$ cat run05.cif   # mmCIF, C-alpha atoms
data_my_file
loop_
_atom_site.label_atom_id
_atom_site.label_comp_id
_atom_site.auth_asym_id
_atom_site.auth_seq_id
_atom_site.Cartn_x
_atom_site.Cartn_y
_atom_site.Cartn_z
CA MET P 18 79.67 186.40 97.21
CA ALA P 19 80.62 186.63 93.51
CA GLU P 20 82.51 189.88 94.15
CA HIS P 21 84.35 188.25 97.05
CA HIS P 22 85.28 185.30 94.83
CA ARG P 23 86.57 187.64 92.10
CA SER P 24 88.51 189.60 94.68
CA ALA P 25 90.16 186.44 96.03
CA ALA P 26 91.00 185.31 92.49
CA SER P 27 92.50 188.72 91.71
CA ARG P 28 94.64 188.64 94.84
CA ALA P 29 95.83 185.15 93.97
CA ARG P 30 96.72 186.24 90.44
CA ILE P 31 98.64 189.27 91.77
CA PHE P 32 100.52 186.99 94.17
CA VAL P 33 101.43 184.56 91.38
CA ARG P 34 102.64 187.43 89.19
CA ARG P 35 104.86 188.67 92.01
CA VAL P 36 106.26 185.18 92.52
CA HIS P 37 106.94 184.96 88.78
CA LEU P 38 108.61 188.39 88.78
CA TRP P 39 110.91 187.70 91.71
CA LEU P 40 111.82 184.23 90.49
CA GLY P 41 112.65 185.74 87.11
CA LEU P 42 114.78 188.50 88.63
CA SER P 43 116.66 186.12 90.91
CA LEU P 44 117.09 183.15 88.54
CA GLY P 45 116.96 184.85 85.15
CA LEU P 46 120.69 185.17 84.53
CA LEU P 47 121.34 181.60 85.66
CA PHE P 48 118.52 180.41 83.36
CA VAL P 49 120.14 182.35 80.50
CA LEU P 50 123.56 180.84 81.23
CA LEU P 51 122.24 177.27 81.35
CA GLY P 52 120.20 177.79 78.20
CA LEU P 53 123.07 179.20 76.14
CA THR P 54 125.60 176.62 77.32
CA GLY P 55 123.03 173.89 76.71
CA SER P 56 122.60 175.08 73.13
CA ALA P 57 126.38 175.01 72.61
CA LEU P 58 126.54 171.44 73.95
CA VAL P 59 123.88 169.98 71.66
CA PHE P 60 126.60 169.43 69.05
CA TYR P 61 129.58 169.53 71.37
CA THR P 62 131.44 166.52 69.97
CA GLY P 63 131.10 167.82 66.42
CA ILE P 64 132.20 171.32 67.42
CA ASP P 65 135.17 169.95 69.34
CA THR P 66 136.24 167.86 66.36
CA ALA P 67 135.99 170.88 64.06
CA LEU P 68 138.18 172.90 66.43
CA HIS P 69 140.96 170.26 66.45
CA PRO P 70 142.18 169.27 62.96
CA ALA P 71 144.58 166.70 64.42
CA ILE P 72 141.73 164.29 65.22
CA GLN P 73 139.98 164.72 61.88
CA ALA P 74 142.53 162.79 59.82
CA GLY P 75 141.00 159.66 58.32
CA ARG P 76 137.39 160.46 59.23
CA ASP P 77 136.31 159.39 55.74
CA ASP P 78 138.00 156.01 56.13
CA PRO P 79 136.04 152.91 57.23
CA ALA P 80 135.56 152.45 60.96
CA PRO P 81 138.00 150.00 62.60
CA ASP P 82 136.65 146.47 62.81
CA LEU P 83 135.82 145.17 66.28
CA ASN P 84 137.83 142.04 65.50
CA ALA P 85 140.94 144.07 64.63
CA ARG P 86 143.91 144.41 66.98
CA VAL P 87 143.82 148.21 66.72
CA TRP P 88 141.97 148.41 70.05
CA ASP P 89 144.70 146.55 71.92
CA ARG P 90 147.37 148.62 70.18
CA ALA P 91 145.65 151.81 71.32
CA LEU P 92 145.40 150.46 74.87
CA THR P 93 149.08 149.52 74.85
CA THR P 94 150.00 152.97 73.50
CA GLY P 95 148.00 154.66 76.24
CA ARG P 96 149.41 152.48 78.99
CA GLY P 97 152.89 153.33 77.79
CA ARG P 98 152.23 156.96 78.75
CA TRP P 99 149.86 156.59 81.75
CA HIS P 100 150.20 153.49 83.87
CA ASP P 101 148.82 154.16 87.34
CA ALA P 102 148.18 150.84 89.12
CA GLY P 103 144.65 151.86 90.02
CA GLY P 104 143.80 153.54 86.74
CA LYS P 105 141.16 152.68 84.19
CA TRP P 106 140.92 153.12 80.42
CA THR P 107 137.69 153.72 78.54
CA LEU P 108 137.75 153.43 74.75
CA GLU P 109 134.83 154.68 72.66
CA VAL P 110 133.57 152.74 69.64
CA THR P 111 132.15 155.53 67.49
CA GLY P 112 131.44 153.49 64.38
CA GLU P 113 133.33 156.11 62.36
CA GLY P 114 136.79 156.40 60.87
CA GLY P 115 139.50 158.69 62.16
CA ALA P 116 140.91 159.09 65.65
CA ILE P 117 139.80 156.72 68.42
CA PRO P 118 138.50 158.67 71.46
CA ALA P 119 139.41 157.39 74.90
CA ARG P 120 139.48 158.46 78.55
CA TYR P 121 141.98 157.68 81.23
CA TYR P 122 141.00 157.75 84.91
CA PRO P 123 144.00 157.79 87.28
CA ALA P 124 141.88 156.34 90.08
CA PRO P 125 138.33 154.98 90.10
CA GLY P 126 135.67 157.55 90.90
CA HIS P 127 137.79 160.69 90.41
CA HIS P 128 136.14 161.97 87.22
CA GLY P 129 137.60 165.43 87.64
CA ASP P 130 141.05 163.95 87.06
CA ARG P 131 140.20 162.22 83.80
CA MET P 132 142.42 162.68 80.77
CA MET P 133 140.75 162.80 77.37
CA VAL P 134 142.90 161.02 74.78
CA TRP P 135 142.61 160.50 71.01
CA PHE P 136 144.61 157.72 69.34
CA SER P 137 145.52 157.59 65.68
CA ALA P 138 143.33 155.34 63.54
CA ASP P 139 145.91 152.53 63.73
CA GLY P 140 146.25 152.89 67.51
CA THR P 141 150.00 153.49 67.45
CA ARG P 142 150.09 157.21 68.33
CA ILE P 143 148.44 159.70 70.65
CA VAL P 144 147.30 162.57 68.45
CA ARG P 145 145.69 164.64 71.20
CA ALA P 146 145.52 164.52 75.01
CA GLU P 147 143.87 167.12 77.25
CA PRO P 148 142.47 167.04 80.78
CA TRP P 149 138.70 167.11 81.11
CA GLY P 150 137.74 170.73 81.69
CA GLY P 151 140.96 171.98 80.13
CA TYR P 152 139.57 172.69 76.66
CA LEU P 153 136.60 174.75 75.49
CA MET P 154 133.81 172.21 75.05
CA SER P 155 134.60 170.29 78.23
CA TRP P 156 134.82 173.61 80.11
CA LEU P 157 131.36 174.53 78.80
CA TYR P 158 130.09 171.09 79.84
CA GLN P 159 131.31 171.60 83.41
CA LEU P 160 129.89 175.12 83.45
CA HIS P 161 126.51 173.84 82.29
CA MET P 162 126.34 170.88 84.65
CA ALA P 163 127.93 172.29 87.79
CA LEU P 164 128.91 175.95 87.31
CA LEU P 165 132.59 174.86 87.52
CA ALA P 166 132.02 174.12 91.22
CA GLY P 167 131.98 170.32 91.40
CA ASP P 168 129.35 168.52 93.47
CA ILE P 169 128.20 171.70 95.20
CA GLY P 170 127.69 173.39 91.83
CA GLY P 171 125.68 170.40 90.63
CA GLN P 172 123.41 170.75 93.65
CA VAL P 173 122.97 174.47 92.94
CA VAL P 174 122.07 173.77 89.32
CA GLY P 175 119.67 171.00 90.28
CA TRP P 176 117.72 172.82 92.98
CA SER P 177 117.75 176.06 90.98
CA GLY P 178 116.19 174.01 88.20
CA VAL P 179 113.33 173.10 90.54
CA ALA P 180 112.75 176.83 91.11
CA MET P 181 112.90 177.37 87.33
CA LEU P 182 110.09 174.86 86.90
CA LEU P 183 108.06 176.94 89.35
CA LEU P 184 109.01 180.03 87.32
CA LEU P 185 107.61 178.43 84.16
CA VAL P 186 104.42 177.23 85.83
CA SER P 187 103.81 180.59 87.52
CA GLY P 188 104.17 182.31 84.16
CA VAL P 189 101.39 180.19 82.66
CA VAL P 190 99.15 180.70 85.72
CA ALA P 191 99.73 184.46 85.66
CA TRP P 192 98.87 184.58 81.95
CA TRP P 193 95.86 182.22 82.03
CA PRO P 194 93.02 184.16 80.37
CA ARG P 195 89.81 184.99 82.20
CA GLY P 196 88.08 186.05 78.99
CA SER P 197 88.81 185.68 75.29
CA TRP P 198 91.54 183.20 74.36
CA GLN P 199 91.94 184.89 71.01
CA LYS P 200 92.77 188.16 72.73
CA ALA P 201 95.10 186.43 75.18
CA LEU P 202 97.06 184.85 72.34
CA ALA P 203 97.20 187.94 70.15
CA PHE P 204 100.25 190.06 69.39
CA LYS P 205 99.32 193.72 68.92
CA ARG P 206 101.84 195.18 66.48
CA ASP P 207 100.41 198.71 66.70
CA ALA P 208 100.25 198.78 70.51
CA ALA P 209 102.49 200.81 72.80
CA PRO P 210 106.06 199.48 73.26
CA ILE P 211 105.31 198.22 76.77
CA ARG P 212 102.39 196.15 75.44
CA ARG P 213 104.47 194.74 72.59
CA LEU P 214 107.15 193.68 75.07
CA ARG P 215 104.52 191.97 77.20
CA ASP P 216 103.03 190.19 74.18
CA LEU P 217 106.46 189.04 72.97
CA HIS P 218 107.32 187.78 76.44
CA LYS P 219 104.08 185.86 76.93
CA LEU P 220 103.92 184.35 73.43
CA SER P 221 107.56 183.25 73.34
CA GLY P 222 107.06 181.69 76.77
CA LEU P 223 103.84 179.94 75.79
CA TRP P 224 105.14 178.47 72.53
CA SER P 225 108.33 177.18 74.15
CA MET P 226 106.77 176.17 77.48
CA ALA P 227 106.46 172.42 76.88
CA LEU P 228 109.99 172.03 75.52
CA LEU P 229 111.51 174.26 78.19
CA PHE P 230 109.73 172.28 80.90
CA VAL P 231 111.08 168.98 79.53
CA LEU P 232 114.64 170.34 79.22
CA VAL P 233 114.61 171.86 82.72
CA ALA P 234 112.97 168.84 84.38
CA THR P 235 115.40 166.37 82.81
CA GLY P 236 118.29 168.71 83.69
CA VAL P 237 117.18 168.61 87.32
CA LEU P 238 117.16 164.81 87.26
CA LEU P 239 120.65 164.68 85.72
CA ALA P 240 122.03 167.21 88.22
CA LEU P 241 120.45 165.47 91.23
CA PRO P 242 121.12 161.73 90.78
CA ALA P 243 120.08 160.95 94.36
CA VAL P 244 116.66 162.46 93.67
CA THR P 245 116.42 160.47 90.44
CA GLN P 246 117.25 157.27 92.30
CA ALA P 247 114.62 157.99 94.94
CA LEU P 248 111.92 158.83 92.39
CA PHE P 249 112.43 156.01 89.88
CA ARG P 250 114.34 153.34 91.83
CA PRO P 251 116.19 151.92 88.80
CA ALA P 252 117.80 148.51 89.10
CA ALA P 253 121.33 148.61 90.46
CA ILE P 254 124.11 148.00 87.96
CA PRO P 255 126.14 144.92 89.02
CA VAL P 256 129.65 145.32 90.43
CA PRO P 257 131.13 141.83 90.00
CA LYS P 258 134.71 140.81 90.73
CA SER P 259 136.90 138.05 89.35
CA VAL P 260 137.14 134.95 91.49
CA ASP P 261 139.88 132.84 89.90
CA GLY P 262 142.62 135.50 89.89
CA GLY P 263 144.32 134.22 86.73
CA ALA P 264 147.51 135.81 85.49
CA GLY P 265 146.58 136.50 81.87
CA ARG P 266 144.33 139.10 80.27
CA ILE P 267 142.07 138.61 77.28
CA THR P 268 142.41 140.87 74.26
CA LEU P 269 139.82 143.54 73.55
CA ASP P 270 138.76 142.02 70.24
CA ARG P 271 137.93 138.83 72.15
CA ALA P 272 136.05 140.86 74.78
CA PHE P 273 133.96 142.39 72.00
CA ARG P 274 133.10 138.92 70.64
CA ILE P 275 132.10 137.73 74.09
CA ALA P 276 129.92 140.79 74.67
CA HIS P 277 128.28 140.29 71.27
CA ARG P 278 127.41 136.70 72.16
CA ALA P 279 125.91 137.88 75.47
CA LEU P 280 123.80 140.59 73.78
CA PRO P 281 123.70 139.58 70.10
CA ASP P 282 121.35 142.38 69.02
CA GLY P 283 123.39 145.08 70.77
CA ARG P 284 125.75 147.72 69.38
CA ILE P 285 129.01 148.11 71.32
CA VAL P 286 129.68 151.72 72.30
CA PHE P 287 132.33 151.76 75.08
CA VAL P 288 134.72 149.37 76.73
CA ASP P 289 136.17 149.98 80.22
CA VAL P 290 139.47 148.27 81.03
CA PRO P 291 140.68 148.62 84.63
CA SER P 292 144.33 148.05 85.49
CA VAL P 293 143.36 146.06 88.57
CA ARG P 294 143.02 142.41 87.48
CA ASP P 295 140.22 141.45 89.87
CA MET P 296 137.96 144.09 88.26
CA PRO P 297 136.19 142.97 85.08
CA ILE P 298 136.24 144.46 81.62
CA ARG P 299 132.92 146.27 81.16
CA VAL P 300 131.46 146.54 77.65
CA ARG P 301 128.69 149.11 77.26
CA VAL P 302 126.06 148.18 74.69
CA GLN P 303 123.01 149.78 73.09
CA VAL P 304 120.24 147.23 72.72
CA LEU P 305 116.97 147.58 70.80
CA GLY P 306 114.65 149.92 72.68
CA ASP P 307 117.41 151.84 74.48
CA PRO P 308 116.94 155.44 73.29
CA HIS P 309 120.44 156.88 73.77
CA GLN P 310 122.96 155.99 71.10
CA ARG P 311 126.07 157.34 72.82
CA PHE P 312 125.35 156.58 76.48
CA PRO P 313 123.15 153.46 76.56
CA GLY P 314 122.43 151.59 79.77
CA SER P 315 123.23 147.91 79.10
CA TYR P 316 126.52 146.30 80.15
CA VAL P 317 128.39 143.01 79.84
CA PHE P 318 130.95 142.29 82.58
CA ILE P 319 133.78 140.00 81.50
CA ASP P 320 136.47 138.39 83.65
CA GLN P 321 139.84 139.72 82.48
CA PRO P 322 141.92 136.53 82.84
CA SER P 323 139.42 133.92 81.59
CA GLY P 324 136.92 135.80 79.43
CA ARG P 325 134.03 134.38 81.42
CA VAL P 326 130.85 136.51 81.52
CA LEU P 327 130.38 137.57 85.14
CA ALA P 328 127.14 139.55 84.76
CA VAL P 329 124.85 141.11 82.17
CA HIS P 330 122.77 144.23 82.80
CA ASP P 331 120.09 144.52 80.11
CA VAL P 332 117.86 147.60 80.40
CA ARG P 333 114.99 145.68 78.77
CA HIS P 334 114.79 143.37 81.77
CA ALA P 335 115.67 145.85 84.54
CA GLY P 336 112.20 147.17 85.37
CA THR P 337 110.10 150.26 84.71
CA GLY P 338 112.31 152.60 86.75
CA THR P 339 115.38 151.74 84.70
CA PHE P 340 113.40 152.16 81.47
CA LEU P 341 112.23 155.64 82.52
CA VAL P 342 115.71 156.71 83.63
CA SER P 343 117.12 155.63 80.25
CA TRP P 344 115.03 158.37 78.61
CA ILE P 345 116.23 161.27 80.77
CA ARG P 346 119.48 162.05 78.96
CA THR P 347 118.09 161.60 75.46
CA LEU P 348 115.21 163.97 76.26
CA HIS P 349 117.61 166.50 77.72
CA ASP P 350 120.16 166.60 74.90
CA GLY P 351 117.59 166.43 72.10
CA THR P 352 118.81 163.17 70.56
CA ILE P 353 115.36 161.57 70.96
CA GLY P 354 114.37 162.28 67.35
CA GLY P 355 117.68 162.63 65.59
CA MET P 356 118.93 165.77 63.87
CA GLY P 357 115.54 167.52 63.87
CA THR P 358 115.06 167.41 67.64
CA ARG P 359 118.70 168.31 68.25
CA ILE P 360 118.28 171.49 66.20
CA LEU P 361 115.03 172.20 68.08
CA ALA P 362 116.84 171.75 71.42
CA LEU P 363 119.55 174.15 70.23
CA LEU P 364 116.96 176.80 69.36
CA VAL P 365 115.00 176.36 72.59
CA GLY P 366 118.22 177.00 74.52
CA PHE P 367 118.02 180.63 73.37
CA MET P 368 114.51 181.09 74.74
CA PRO P 369 115.57 181.90 78.34
CA THR P 370 117.63 184.81 76.94
CA LEU P 371 114.62 186.16 75.03
CA LEU P 372 112.30 185.69 78.01
CA PHE P 373 114.72 187.33 80.44
CA ALA P 374 115.39 190.29 78.14
CA THR P 375 111.73 190.98 77.38
CA GLY P 376 110.74 190.43 81.00
CA ILE P 377 113.35 192.84 82.33
CA LEU P 378 112.57 195.51 79.73
CA HIS P 379 108.83 195.25 80.43
CA TRP P 380 109.43 195.49 84.19
CA LEU P 381 111.69 198.54 83.80
CA ARG P 382 109.15 200.30 81.56
CA ARG P 383 106.41 199.62 84.10
CA ILE P 384 108.56 201.13 86.86
CA ARG P 385 109.18 204.26 84.77
CA THR P 386 105.49 204.53 83.89
CA ALA P 387 104.42 204.19 87.52
CA ARG P 388 107.00 206.72 88.77
CA PRO P 389 105.58 210.26 89.16
CA PRO P 390 107.11 213.04 87.01
CA VAL P 391 110.13 214.89 88.38
CA SER P 392 108.15 218.13 88.79
CA ALA P 393 105.48 216.35 90.81
CA GLN P 394 108.14 214.82 93.06
CA HIS P 395 109.62 218.31 93.59
CA ASP P 396 106.23 219.79 94.52
CA VAL P 397 105.58 217.07 97.07
CA THR P 398 109.00 217.54 98.63
CA THR P 399 108.50 221.32 98.78
CA ASP P 400 105.11 220.99 100.47
CA ARG P 401 106.55 218.55 102.99
CA ASP P 402 109.41 220.92 103.82
CA CYS P 403 106.98 223.75 104.38
#
$ encode --input "run05.cif" --output "structure tokens"
Amino acid sequence: MAEHHRSAASRARIFVRRVHLWLGLSLGLLFVLLGLTGSALVFYTGIDTALHPAIQAGRDDPAPDLNARVWDRALTTGRGRWHDAGGKWTLEVTGEGGAIPARYYPAPGHHGDRMMVWFSADGTRIVRAEPWGGYLMSWLYQLHMALLAGDIGGQVVGWSGVAMLLLLVSGVVAWWPRGSWQKALAFKRDAAPIRRLRDLHKLSGLWSMALLFVLVATGVLLALPAVTQALFRPAAIPVPKSVDGGAGRITLDRAFRIAHRALPDGRIVFVDVPSVRDMPIRVRVQVLGDPHQRFPGSYVFIDQPSGRVLAVHDVRHAGTGTFLVSWIRTLHDGTIGGMGTRILALLVGFMPTLLFATGILHWLRRIRTARPPVSAQHDVTTDRDC
């Protein structure tokens, strides 16, 4: 009975190793691509700024005050160049000096058509304007998120990520020691090259396993928003409309004051200004407890003509599902612990390359070792011909 049990366990281990091998061979290059592009994107805004001197002017100056008219000047400057009736402007409040980043959407929902715009610090000039995907860091972002293939590419990345999770788990199961843990965790420097490759592969995989699993799992949830909705059921973000249809439009500095009164402990990060008057101004705010500094999940919706608050979406009062979803992006991009975890995320992005390279080299050496010598192959062929 014991021998039968050991035999069944051995067969199961062999099966898991084969699953791990074939998943690695089929998904390895994609895993490498996503890891390397992910590493590049950890500091993508800083890299992009360094590559474009035009938007660096004035970065050491104080950040523009939220009560200043610079925000309305920038909006007016942008509308002077792009003025589609159904368009929408999004201005980013970085809290830093220098150029003011913004985005222009020609029509709601068509993110692929967005124009990335940077205004001068006084809001009077456009110092840079490029379509999303038309410059290096945005191209890398699209490659990482959707393989440059839109919604279909996002689905491929997401479901491939599920298979990558299985790849990681199968690697641990295939390695799991039956005897000494000390031996299983050892790296034999004086062993044969094939053994050193195996040890390097297993140890690099083991030490990076937890972080890789978190990065891949959160990447799956970002790439498959429908799955995320089904799993966590976050509260729906309101979509209010104006009801009085007034003719005027409040200024952005007033919108910021209204949003601050609605969420007094919040930090304003973005403001969305649609051209259509019956759509509200939406101010995006980071409140205490929201982990992501750049893309928080709380909003204040303000009627454009009157300045009346139409709705407030506060992640602190939106339920457990919303709270959990708010952590997905910050876990994925490494911003959870500041600079230290961002650097760690950057380094972990190189691990799929190391794992793929050592895995392939080990597999090729095993094939060569298992292959009979050329002379033996010749003898067998000769005997068969006779």
$ residues_around --input "run05.cif" --residues "Asp307 (chain P)" --least-positions-apart "5" --cutoff "8 Å" --atoms "only C-alpha atoms" --output "PDB file with C-alpha atoms, in the frame of the given file"
ATOM      1  CA  PRO P 313     123.150 153.460  76.560  1.00  0.00           C
ATOM      2  CA  GLY P 314     122.430 151.590  79.770  1.00  0.00           C
ATOM      3  CA  VAL P 332     117.860 147.600  80.400  1.00  0.00           C
ATOM      4  CA  ARG P 333     114.990 145.680  78.770  1.00  0.00           C
ATOM      5  CA  SER P 343     117.120 155.630  80.250  1.00  0.00           C
TER       6      SER P 343
END
$ resolve_selection --input "run05.cif" --expression "the PyMOL selection byres ((chain P and resi 345) around 12)" --output "JSON, numbers by chain"
{"P": [231, 232, 233, 234, 235, 236, 237, 238, 239, 240, 242, 245, 249, 307, 308, 309, 312, 313, 314, 338, 339, 340, 341, 342, 343, 344, 346, 347, 348, 349, 350, 351, 352, 353]}
$ resolve_selection --input "run05.cif" --expression "the PyMOL selection byres ((chain P and resi 90) around 12)" --output "number ranges by chain"
P: 85-89, 91-97, 108, 117, 136-143, 268-270
$ write_last_selection --input "run05.cif" --atoms "C-alpha atoms" --output "short mmCIF file (atom, residue, chain, number, x, y, z; two decimals), in the coordinates of the input"
data_model
loop_
_atom_site.label_atom_id
_atom_site.label_comp_id
_atom_site.auth_asym_id
_atom_site.auth_seq_id
_atom_site.Cartn_x
_atom_site.Cartn_y
_atom_site.Cartn_z
CA ALA P 85 140.94 144.07 64.63
CA ARG P 86 143.91 144.41 66.98
CA VAL P 87 143.82 148.21 66.72
CA TRP P 88 141.97 148.41 70.05
CA ASP P 89 144.70 146.55 71.92
CA ALA P 91 145.65 151.81 71.32
CA LEU P 92 145.40 150.46 74.87
CA THR P 93 149.08 149.52 74.85
CA THR P 94 150.00 152.97 73.50
CA GLY P 95 148.00 154.66 76.24
CA ARG P 96 149.41 152.48 78.99
CA GLY P 97 152.89 153.33 77.79
CA LEU P 108 137.75 153.43 74.75
CA ILE P 117 139.80 156.72 68.42
CA PHE P 136 144.61 157.72 69.34
CA SER P 137 145.52 157.59 65.68
CA ALA P 138 143.33 155.34 63.54
CA ASP P 139 145.91 152.53 63.73
CA GLY P 140 146.25 152.89 67.51
CA THR P 141 150.00 153.49 67.45
CA ARG P 142 150.09 157.21 68.33
CA ILE P 143 148.44 159.70 70.65
CA THR P 268 142.41 140.87 74.26
CA LEU P 269 139.82 143.54 73.55
CA ASP P 270 138.76 142.02 70.24
#
$ resolve_selection --input "run05.cif" --expression "the PyMOL selection byres ((chain P and resi 73-84) around 6)" --output "ChimeraX atom specification"
/P:70-72,85,112-115,270
$ closest_residue --input "run05.cif" --among "P:Arg206, P:His69, P:Arg284, P:His334" --to "Arg311 (chain P)" --atoms "all atoms listed in the file"
P:Arg284
$ closest_residue --input "run05.cif" --among "P:Leu157, P:Val190, P:Ala203, P:Leu364" --to "Arg35 (chain P)" --atoms "all atoms listed in the file"
P:Val190
$ axis_aligned_box --input "run05.cif" --around "region 288-306 of chain P" --padding-each-side "4 Å" --output "lines of an AutoDock Vina configuration file"
center_x = 129.5
center_y = 145.7
center_z = 80.3
size_x = 37.7
size_y = 16.5
size_z = 27.1
$ closest_residue --input "run05.cif" --among "P:Arg131, P:His379, P:His161, P:Arg294" --to "Leu47 (chain P)" --atoms "only C-alpha atoms"
P:His161
$ closest_residue --input "run05.cif" --among "P:Glu109, P:Ala264, P:Ile360, P:Ala252" --to "Gly336 (chain P)" --atoms "all atoms listed in the file"
P:Ala252
$ closest_residue --input "run05.cif" --among "P:His37, P:Arg98, P:Arg274, P:Arg145" --to "Ala116 (chain P)" --atoms "all atoms listed in the file"
P:Arg145
$ closest_residue --input "run05.cif" --among "P:Ser197, P:Thr111, P:Ser225, P:Gln159" --to "Leu185 (chain P)" --atoms "only C-alpha atoms"
P:Ser225
$ residues_near_point --input "run05.cif" --point "(148.0, 166.7, 88.0)" --cutoff "12 Å" --atoms "all atoms listed in the file" --output "list of chain:residue names"
P:Tyr122, P:Pro123, P:Gly129, P:Asp130, P:Arg131, P:Met132, P:Glu147, P:Pro148, P:Trp149, P:Gly151
$ atom_distance --input "run05.cif" --atom1 "CA of Val110 (chain P)" --atom2 "CA of Leu280 (chain P)"
16.1 Å
$ atom_distance --input "run05.cif" --atom1 "CA of Arg359 (chain P)" --atom2 "CA of Asp289 (chain P)"
28.0 Å
$ atom_distance --input "run05.cif" --atom1 "CA of His100 (chain P)" --atom2 "CA of Ala119 (chain P)"
14.6 Å
$ closest_atom_pairs --input "run05.cif" --of "region 323-376 of chain P" --to "region 177-184 of chain P" --cutoff "12 Å" --atoms "only C-alpha atoms" --output "Markdown table"
| residue | atom | partner | partner_atom | distance |
| --- | --- | --- | --- | --- |
| P:Pro369 | CA | P:Met181 | CA | 10.4 |
| P:Leu372 | CA | P:Leu184 | CA | 11.4 |
| P:Phe373 | CA | P:Leu184 | CA | 11.5 |
$ residues_around --input "run05.cif" --residues "Thr107 (chain P)" --least-positions-apart "5" --cutoff "10 Å" --atoms "all atoms listed in the file" --output "list in words"
Leu92, Pro118, Ala119, Arg120, Tyr121, Tyr122, Met133, Val134, Phe287, Val288, Asp289, Val290, Pro291, Ile298, Arg299 and Val300 of chain P
$ decode --input "run05.cif" --residues "region 142-147 of chain P" --atoms "all heavy atoms" --output "short mmCIF file (atom, residue, chain, number, x, y, z; two decimals), in the first residue's frame"
data_model
loop_
_atom_site.label_atom_id
_atom_site.label_comp_id
_atom_site.auth_asym_id
_atom_site.auth_seq_id
_atom_site.Cartn_x
_atom_site.Cartn_y
_atom_site.Cartn_z
N ARG P 142 -0.02 78.68 -22.38
CA ARG P 142 0.55 78.04 -23.56
C ARG P 142 0.48 76.52 -23.45
O ARG P 142 0.50 75.97 -22.35
CB ARG P 142 2.02 78.45 -23.74
CG ARG P 142 2.26 79.90 -24.03
CD ARG P 142 3.76 80.21 -24.14
NE ARG P 142 4.45 80.00 -22.86
CZ ARG P 142 5.28 79.01 -22.62
NH1 ARG P 142 5.57 78.10 -23.58
NH2 ARG P 142 5.89 78.89 -21.44
N ILE P 143 0.44 75.86 -24.60
CA ILE P 143 0.57 74.42 -24.67
C ILE P 143 2.04 74.13 -24.98
O ILE P 143 2.53 74.50 -26.04
CB ILE P 143 -0.35 73.82 -25.75
CG1 ILE P 143 -1.81 74.06 -25.38
CG2 ILE P 143 -0.07 72.32 -25.93
CD1 ILE P 143 -2.79 73.67 -26.47
N VAL P 144 2.73 73.49 -24.05
CA VAL P 144 4.15 73.24 -24.25
C VAL P 144 4.42 71.85 -24.84
O VAL P 144 5.50 71.59 -25.36
CB VAL P 144 4.93 73.40 -22.92
CG1 VAL P 144 4.85 74.84 -22.44
CG2 VAL P 144 4.43 72.44 -21.86
N ARG P 145 3.43 70.99 -24.78
CA ARG P 145 3.58 69.66 -25.38
C ARG P 145 2.19 69.06 -25.59
O ARG P 145 1.31 69.22 -24.74
CB ARG P 145 4.41 68.75 -24.47
CG ARG P 145 4.60 67.32 -25.00
CD ARG P 145 5.32 66.46 -23.98
NE ARG P 145 5.31 65.06 -24.35
CZ ARG P 145 5.50 64.05 -23.49
NH1 ARG P 145 5.72 64.31 -22.20
NH2 ARG P 145 5.47 62.81 -23.90
N ALA P 146 1.99 68.37 -26.70
CA ALA P 146 0.73 67.68 -26.96
C ALA P 146 1.02 66.47 -27.84
O ALA P 146 1.56 66.61 -28.94
CB ALA P 146 -0.25 68.62 -27.65
N GLU P 147 0.67 65.29 -27.35
CA GLU P 147 0.89 64.05 -28.09
C GLU P 147 -0.25 63.09 -27.85
O GLU P 147 -0.80 63.03 -26.74
CB GLU P 147 2.21 63.39 -27.66
CG GLU P 147 3.45 64.22 -27.93
CD GLU P 147 4.73 63.41 -27.71
OE1 GLU P 147 4.94 62.42 -28.44
OE2 GLU P 147 5.51 63.78 -26.81
#
